[in-house]
$ cat final.pdb   # PDB, C-alpha atoms
MODEL        1
ATOM      1  CA  MET L   8     -13.316-126.516 -75.135  1.00  0.00           C
ATOM      2  CA  HIS L   9     -16.811-127.426 -76.266  1.00  0.00           C
ATOM      3  CA  LEU L  10     -17.778-131.023 -76.873  1.00  0.00           C
ATOM      4  CA  PRO L  11     -21.501-130.989 -77.671  1.00  0.00           C
ATOM      5  CA  GLY L  12     -23.319-134.230 -76.999  1.00  0.00           C
ATOM      6  CA  GLY L  13     -26.472-133.358 -78.924  1.00  0.00           C
ATOM      7  CA  GLY L  14     -29.161-135.910 -78.196  1.00  0.00           C
ATOM      8  CA  VAL L  15     -26.688-138.482 -76.933  1.00  0.00           C
ATOM      9  CA  THR L  16     -26.723-139.109 -73.204  1.00  0.00           C
ATOM     10  CA  LYS L  17     -23.358-138.453 -71.640  1.00  0.00           C
ATOM     11  CA  ASP L  18     -21.508-138.940 -68.415  1.00  0.00           C
ATOM     12  CA  GLY L  19     -18.789-136.693 -67.150  1.00  0.00           C
ATOM     13  CA  PRO L  20     -19.692-133.076 -67.966  1.00  0.00           C
ATOM     14  CA  SER L  21     -18.496-132.221 -64.451  1.00  0.00           C
ATOM     15  CA  ALA L  22     -14.961-133.053 -65.614  1.00  0.00           C
ATOM     16  CA  GLY L  23     -14.852-129.957 -67.840  1.00  0.00           C
ATOM     17  CA  ALA L  24     -12.896-127.774 -65.404  1.00  0.00           C
ATOM     18  CA  ALA L  25     -10.465-130.592 -64.613  1.00  0.00           C
ATOM     19  CA  THR L  26      -9.956-131.401 -68.302  1.00  0.00           C
ATOM     20  CA  LEU L  27      -9.330-127.745 -69.139  1.00  0.00           C
ATOM     21  CA  ALA L  28      -6.896-127.434 -66.213  1.00  0.00           C
ATOM     22  CA  ALA L  29      -5.009-130.497 -67.505  1.00  0.00           C
ATOM     23  CA  LEU L  30      -4.715-128.941 -70.970  1.00  0.00           C
ATOM     24  CA  VAL L  31      -3.434-125.638 -69.546  1.00  0.00           C
ATOM     25  CA  SER L  32      -0.973-127.588 -67.400  1.00  0.00           C
ATOM     26  CA  ILE L  33       0.394-129.303 -70.509  1.00  0.00           C
ATOM     27  CA  LEU L  34       0.601-126.042 -72.483  1.00  0.00           C
ATOM     28  CA  THR L  35       2.316-124.101 -69.686  1.00  0.00           C
ATOM     29  CA  GLY L  36       4.512-126.948 -68.470  1.00  0.00           C
ATOM     30  CA  LYS L  37       3.336-126.292 -64.900  1.00  0.00           C
ATOM     31  CA  PRO L  38       2.140-129.380 -63.019  1.00  0.00           C
ATOM     32  CA  VAL L  39      -1.201-129.478 -61.233  1.00  0.00           C
ATOM     33  CA  PRO L  40      -0.814-130.199 -57.485  1.00  0.00           C
ATOM     34  CA  GLY L  41      -1.613-133.819 -56.694  1.00  0.00           C
ATOM     35  CA  ASP L  42      -3.525-132.984 -53.519  1.00  0.00           C
ATOM     36  CA  VAL L  43      -6.095-130.674 -55.136  1.00  0.00           C
ATOM     37  CA  ALA L  44      -9.192-131.917 -56.975  1.00  0.00           C
ATOM     38  CA  VAL L  45     -11.398-130.010 -59.427  1.00  0.00           C
ATOM     39  CA  THR L  46     -15.014-130.480 -60.431  1.00  0.00           C
ATOM     40  CA  GLY L  47     -17.375-128.375 -62.510  1.00  0.00           C
ATOM     41  CA  GLU L  48     -18.856-128.099 -65.963  1.00  0.00           C
ATOM     42  CA  VAL L  49     -17.429-125.246 -68.065  1.00  0.00           C
ATOM     43  CA  ASP L  50     -19.502-123.180 -70.475  1.00  0.00           C
ATOM     44  CA  LEU L  51     -18.222-121.368 -73.563  1.00  0.00           C
ATOM     45  CA  HIS L  52     -17.651-118.187 -71.521  1.00  0.00           C
ATOM     46  CA  GLY L  53     -15.349-119.937 -69.043  1.00  0.00           C
ATOM     47  CA  ASN L  54     -17.880-120.031 -66.211  1.00  0.00           C
ATOM     48  CA  VAL L  55     -17.716-123.046 -63.898  1.00  0.00           C
ATOM     49  CA  LEU L  56     -21.260-124.398 -63.608  1.00  0.00           C
ATOM     50  CA  PRO L  57     -22.829-126.416 -60.766  1.00  0.00           C
ATOM     51  CA  VAL L  58     -22.626-130.206 -60.829  1.00  0.00           C
ATOM     52  CA  GLY L  59     -24.521-133.075 -59.280  1.00  0.00           C
ATOM     53  CA  ALA L  60     -23.426-135.552 -56.614  1.00  0.00           C
ATOM     54  CA  LEU L  61     -21.094-133.043 -54.963  1.00  0.00           C
ATOM     55  CA  PRO L  62     -21.428-134.545 -51.450  1.00  0.00           C
ATOM     56  CA  ALA L  63     -20.243-137.930 -52.748  1.00  0.00           C
ATOM     57  CA  LYS L  64     -17.323-136.274 -54.557  1.00  0.00           C
ATOM     58  CA  LEU L  65     -16.265-134.444 -51.386  1.00  0.00           C
ATOM     59  CA  ILE L  66     -16.469-137.635 -49.290  1.00  0.00           C
ATOM     60  CA  SER L  67     -14.344-139.457 -51.879  1.00  0.00           C
ATOM     61  CA  ALA L  68     -11.821-136.619 -51.924  1.00  0.00           C
ATOM     62  CA  GLN L  69     -11.480-136.682 -48.141  1.00  0.00           C
ATOM     63  CA  ALA L  70     -10.993-140.459 -48.222  1.00  0.00           C
ATOM     64  CA  GLY L  71      -8.258-139.956 -50.844  1.00  0.00           C
ATOM     65  CA  ASN L  72      -6.332-137.411 -48.713  1.00  0.00           C
ATOM     66  CA  ILE L  73      -7.172-134.480 -50.997  1.00  0.00           C
ATOM     67  CA  ARG L  74      -6.548-131.190 -49.142  1.00  0.00           C
ATOM     68  CA  ALA L  75      -8.816-129.006 -51.314  1.00  0.00           C
ATOM     69  CA  VAL L  76     -11.559-129.452 -53.904  1.00  0.00           C
ATOM     70  CA  LEU L  77     -12.308-126.588 -56.284  1.00  0.00           C
ATOM     71  CA  VAL L  78     -16.098-126.639 -56.629  1.00  0.00           C
ATOM     72  CA  PRO L  79     -18.559-124.465 -58.561  1.00  0.00           C
ATOM     73  CA  ALA L  80     -19.692-121.515 -56.457  1.00  0.00           C
ATOM     74  CA  GLY L  81     -23.267-122.305 -57.530  1.00  0.00           C
ATOM     75  CA  ASN L  82     -23.200-125.600 -55.633  1.00  0.00           C
ATOM     76  CA  ASP L  83     -23.944-125.898 -51.922  1.00  0.00           C
ATOM     77  CA  HIS L  84     -20.352-126.491 -50.800  1.00  0.00           C
ATOM     78  CA  ASP L  85     -20.492-126.807 -47.039  1.00  0.00           C
ATOM     79  CA  SER L  86     -17.259-128.722 -46.510  1.00  0.00           C
ATOM     80  CA  ALA L  87     -13.922-127.982 -44.862  1.00  0.00           C
ATOM     81  CA  ILE L  88     -12.018-128.859 -48.049  1.00  0.00           C
ATOM     82  CA  SER L  89     -14.224-127.164 -50.681  1.00  0.00           C
ATOM     83  CA  VAL L  90     -13.035-123.957 -52.353  1.00  0.00           C
ATOM     84  CA  PRO L  91     -15.725-122.175 -54.418  1.00  0.00           C
ATOM     85  CA  VAL L  92     -14.775-120.923 -57.904  1.00  0.00           C
ATOM     86  CA  THR L  93     -16.859-119.083 -60.492  1.00  0.00           C
ATOM     87  CA  ASN L  94     -14.680-119.272 -63.618  1.00  0.00           C
ATOM     88  CA  VAL L  95     -11.699-121.081 -65.108  1.00  0.00           C
ATOM     89  CA  ILE L  96      -9.309-118.202 -64.371  1.00  0.00           C
ATOM     90  CA  GLU L  97      -9.926-118.782 -60.648  1.00  0.00           C
ATOM     91  CA  VAL L  98      -9.309-122.507 -61.184  1.00  0.00           C
ATOM     92  CA  PHE L  99      -6.010-121.793 -62.962  1.00  0.00           C
ATOM     93  CA  ARG L 100      -4.915-119.399 -60.180  1.00  0.00           C
ATOM     94  CA  HIS L 101      -5.726-121.852 -57.384  1.00  0.00           C
ATOM     95  CA  LEU L 102      -3.766-124.548 -59.202  1.00  0.00           C
ATOM     96  CA  GLY L 103      -0.767-122.258 -59.773  1.00  0.00           C
ATOM     97  CA  LEU L 104      -1.063-122.463 -63.554  1.00  0.00           C
ATOM     98  CA  ILE L 105      -1.122-118.671 -63.973  1.00  0.00           C
ATOM     99  CA  ASP L 106       0.232-115.819 -61.886  1.00  0.00           C
ATOM    100  CA  GLN L 107      -2.025-113.877 -59.572  1.00  0.00           C
ATOM    101  CA  GLY L 108      -3.466-110.896 -61.441  1.00  0.00           C
ATOM    102  CA  THR L 109      -0.704-110.290 -63.992  1.00  0.00           C
ATOM    103  CA  GLY L 110      -3.164-109.515 -66.758  1.00  0.00           C
ATOM    104  CA  ASP L 111      -1.443-112.123 -68.933  1.00  0.00           C
ATOM    105  CA  GLU L 112      -3.913-114.870 -68.134  1.00  0.00           C
ATOM    106  CA  PRO L 113      -6.394-116.112 -70.737  1.00  0.00           C
ATOM    107  CA  GLY L 114      -9.429-113.862 -70.963  1.00  0.00           C
ATOM    108  CA  ALA L 115      -7.691-110.850 -69.391  1.00  0.00           C
ATOM    109  CA  ARG L 116      -9.061-107.556 -70.608  1.00  0.00           C
ATOM    110  CA  ARG L 117      -6.543-105.479 -72.477  1.00  0.00           C
ATOM    111  CA  PRO L 118      -6.775-101.775 -73.272  1.00  0.00           C
ATOM    112  CA  ALA L 119      -8.682-101.068 -76.440  1.00  0.00           C
ATOM    113  CA  THR L 120      -6.572-100.101 -79.406  1.00  0.00           C
ATOM    114  CA  THR L 121      -7.582 -97.781 -82.155  1.00  0.00           C
ATOM    115  CA  SER L 122      -8.338 -99.634 -85.315  1.00  0.00           C
ATOM    116  CA  ARG L 123      -7.168 -98.275 -88.613  1.00  0.00           C
ATOM    117  CA  ARG L 124     -10.704 -97.499 -89.737  1.00  0.00           C
ATOM    118  CA  SER L 125     -11.537 -95.408 -86.690  1.00  0.00           C
ATOM    119  CA  ARG L 126      -8.571 -93.055 -87.057  1.00  0.00           C
ATOM    120  CA  PRO L 127      -9.396 -89.560 -88.235  1.00  0.00           C
ATOM    121  CA  ARG L 128      -8.693 -88.976 -91.899  1.00  0.00           C
ATOM    122  CA  THR L 129      -5.970 -86.524 -92.740  1.00  0.00           C
ATOM    123  CA  ALA L 130      -5.824 -84.458 -95.867  1.00  0.00           C
ATOM    124  CA  ARG L 131      -3.304 -85.665 -98.398  1.00  0.00           C
ATOM    125  CA  PRO L 132      -1.078 -83.125-100.071  1.00  0.00           C
ATOM    126  CA  GLY L 133      -2.385 -82.379-103.472  1.00  0.00           C
TER
ENDMDL
END
$ encode --input "final.pdb" --output "structure tokens"
Amino acid sequence: MHLPGGGVTKDGPSAGAATLAALVSILTGKPVPGDVAVTGEVDLHGNVLPVGALPAKLISAQAGNIRAVLVPAGNDHDSAISVPVTNVIEVFRHLGLIDQGTGDEPGARRPATTSRRSRPRTARPG
């Protein structure tokens, strides 16, 4: 999901991973655990990017009885409840939205197939 702000100032880019997780939860029908929080901006490649004010977010999560916070691996995440993630697939796995390593998750690499144009030409009977 890409919502460009252009020259308009914006608040909330760190909700990208949480927003995407909510959409996947709706599409799969699998609920997101209520005791896990998510923060991180998401780029067009599915990478979870560092965010600001992480210490305040972790303090708030602890005060709200959150057992784990999925945080961008690029942030300094020295907390007992922080779990570093690098991409949205890791977020989805931690939240139980996709199975562990089935290959069916979004962005999974599939074996290359031979396209029709790359097949060798065969002689047609004359």
$ closest_residue --input "final.pdb" --among "L:Leu104, L:Leu65, L:Ile33, L:Leu27" --to "Ser89 in chain L" --atoms "all atoms listed in the file"
L:Leu65
$ closest_residue --input "final.pdb" --among "L:Gly81, L:Pro91, L:Pro57, L:Gly103" --to "Val39 in chain L" --atoms "all atoms listed in the file"
L:Gly103
$ atom_distance --input "final.pdb" --atom1 "CA of Pro40 in chain L" --atom2 "CA of Phe99 in chain L"
11.3 Å
$ resolve_selection --input "final.pdb" --expression "the PyMOL selection byres ((chain L and resi 68) around 12)" --output "NGL selection string"
:L and (41-46 or 61-67 or 69-78 or 86-89)
$ atom_distance --input "final.pdb" --atom1 "CA of Val92 in chain L" --atom2 "CA of Val49 in chain L"
11.4 Å
$ resolve_selection --input "final.pdb" --expression "the PyMOL selection byres ((chain L and resi 95) around 8)" --output "compact mmCIF listing (two decimals) with C-alpha atoms, keeping the file's coordinate frame"
# COMPACT_ATOMS: atom_id res chain seq x y z
CA ALA L 24 -12.90 -127.77 -65.40
CA VAL L 49 -17.43 -125.25 -68.06
CA GLY L 53 -15.35 -119.94 -69.04
CA ASN L 54 -17.88 -120.03 -66.21
CA VAL L 55 -17.72 -123.05 -63.90
CA VAL L 92 -14.78 -120.92 -57.90
CA THR L 93 -16.86 -119.08 -60.49
CA ASN L 94 -14.68 -119.27 -63.62
CA ILE L 96 -9.31 -118.20 -64.37
CA GLU L 97 -9.93 -118.78 -60.65
CA VAL L 98 -9.31 -122.51 -61.18
CA PHE L 99 -6.01 -121.79 -62.96
